[in-house]
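Student: Sharing a structure, written as structure tokens. Questions coming.
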Amino acid sequence: MTVTIHYKGQIATEVGSSTEDLKFDEPIYLIGILKALSDKGTEAINDFIFDEKGQPTRSLLVLVNDEQVIDFQKTLISDDCVISLLPPIAGG
Amino acid sequence: MCHLTVATHRWRLVFKMLTEVDKLRYSWQLDVPGFGEREQLTLKNSTALVTRVGGIGGPVAQSLAAAGIGKLILAHAGKLREDDLNRQILMSRDQIGESRVKCAAGTLKRFNSDTQIEVFDENVNNVNIDRISSEADIIFGCAPLFEERFLLNEAAVKGNKPLIDCAMYSMEGQVIPIVPGTTPCLKCIYPDDPEHWQRKFPVFGAVSSLVAQIGVIEGIKILCQFDDPSLGEMIRFDASLMNVKKIRLLPRRENCPACN
């Protein structure tokens with residue numbers, strides 16, 4: 001199955017792209033996708049997603065099909081889902 | 001709603017009626033369905049705090065003045081620099097080295113001399129926040145640092161007044177209308193201090209101005225109880241793709257240190 005990731009804000013700058021398709025063999029929980037992104041990315045990307053205790057950063061807004069979710073452990077991601085990562089921005 | 005209580009209270013102190021000049025000046029917006037003399041009167045008798053008056057805050061202040069806000073309180077420290085001028089539209093090149101907020105006030109005063117303007121040549125901090133925000137009926141958060149935005153959030157919650165948080169990064173922008181007690185506050189949305197945010201960010205003036213205009217529209221809707229403000233939502237756009245989305249935010253956090 002294919003999952004589309006939309007990177008926003010500083011994460012997009014760090015990744016060097018605003019979108020990416022990831023392929024998985026079967027439906028996967030959101031936390032697994034976040035870990036996969038962290039594993040394949042730089043340390044800076046990991047720091048945007050996880051805190052020093054390895055927990056998802058609470059100020060990163062994660063959207064699945066444009067709806068905010070916080071229960072990453074129980075949110076099952078299926079084929080064609082779009083996941084958006086929105087770090088906090090404060091440009092004025 | 002909470003903000004009306006504040007406005008009504010202020011109206012008892014100094015109540016200004018619409019003049020014939022007002023009715024002529026604002027006649028084009030008075031034709032907007034749902035926006036009439038009652039709403040214009042609310043604007044005229046309202047005070048907005050705008051911090052700061054840079055790429056977002058400058059256009060916010062100008063559009064509020066254009067719409068007929070009664071009073072603007074502007075807070076922004078520092079002097080104008082050459083590299084401010086791609087976005088800080090209330091200032092001009094011949095003013096480099098002068099106080100930003102005083103330059104902005106001068107431009108606004110020439111633009112609408114009926115709008116009262118009070119300036120603070122300082123950025124909001126935990127010492128001056130009460131002094132700067134106490135008179136405002138609505139707050140527009142346009143500062144480049146989360147420390148300031150969280151202080152404005154605390155002031156909004158404490159004073160039971162709406163906060164329009166306006167922010168951008170590169171080609172992206174977002175507006176979060178916050179009404180204490182009704183919507184999640186900024187600390188509900190961002191409970192951890194965003195350690196990665198940096199003071200310097202990529203910015204086109206047109207993008208920050210776009211954020212400002214969305215913020216002003218939402219602020220006027222809340223202040224005047226006009227149309228449907230996007231309460232509990234984040235309005236977010238990506239100018240690279242030219243798409244605009246409304247994101248439904250999660251409810252207020254039960255354990256939020258700021259609003260609960």
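By convention in this document, the chains of the structure tokens carry letters A, B, ... by their order, each chain's residues are numbered from 1, and ligands are numbered from 1 in the order they are shown.
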Using only C-alpha atoms, I'd like every residue of chain A that has an atom within 12 Å of chain B; please write them out as a ChimeraX atom specification.

Tutor: /A:6-14,18-19,44-52,56-71,84,86-92

Student: Could you give me the residues within region 48-247 of chain B that DSSP places in helix (DSSP H, G or I), as JSON, numbers by chain?

Tutor: {"B": [57, 58, 59, 60, 61, 62, 63, 64, 65, 66, 67, 82, 83, 84, 93, 94, 95, 100, 101, 102, 103, 104, 105, 106, 107, 108, 109, 110, 111, 129, 130, 131, 132, 133, 146, 147, 148, 149, 150, 151, 152, 153, 154, 155, 156, 157, 158, 159, 186, 187, 188, 189, 205, 206, 207, 208, 209, 210, 211, 212, 213, 214, 215, 216, 217, 218, 219, 220, 221, 222, 223, 224]}

Student: Which residues, written as a PyMOL selection string, have at least one atom at most 6 Å from Asn123 (chain B), with only C-alpha atoms counted and residues fewer than 4 positions away on the same chain left out?

Tutor: chain B and resi 75-77

Student: Could you write out, as a list of chain:residue names, all the residues of region 12-91 of chain A that DSSP marks as strand (DSSP E or B)?

Tutor: A:Thr19, A:Glu20, A:Asp21, A:Leu22, A:Lys23, A:Ile28, A:Tyr29, A:Phe50, A:Pro56, A:Leu61, A:Val62, A:Leu63, A:Val64, A:Glu67, A:Gln68, A:Val69, A:Leu76, A:Ile77, A:Val82, A:Ile83, A:Ser84, A:Leu85, A:Leu86, A:Gly91

Student: Can you work out which one of A:Thr42, A:Gln55, A:Val82, A:Val3 has the shortest atom-to-atom distance to Pro27 (chain A), counting only C-alpha atoms?

Tutor: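 Comparing A:Thr42, A:Gln55, A:Val82, A:Val3 against Pro27 (chain A), the winner is A:Val3.
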
Student: Quick one: residues within 7 Å of Asn45 (chain B), only C-alpha atoms, excluding same-chain residues fewer than 4 positions away - as a PDB file with C-alpha atoms, in the first residue's frame?

Tutor:
ATOM      1  CA  TRP B  11     -18.829  51.461  25.668  1.00  0.00           C
ATOM      2  CA  PHE B  15     -19.243  55.710  23.416  1.00  0.00           C
ATOM      3  CA  LYS B  16     -18.736  57.087  19.940  1.00  0.00           C
ATOM      4  CA  LEU B  41     -20.182  51.032  15.440  1.00  0.00           C
ATOM      5  CA  GLY B  70     -11.402  52.907  16.893  1.00  0.00           C
TER       6      GLY B  70
END

Student: Choose the residue, out of B:Glu122, B:Glu254, B:Asp227, B:Asp137, that has the smallest atom-to-atom separation from Cys185 (chain B); count only C-alpha atoms.

Tutor: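 Among the listed residues, the smallest separation from Cys185 (chain B) belongs to B:Glu254.
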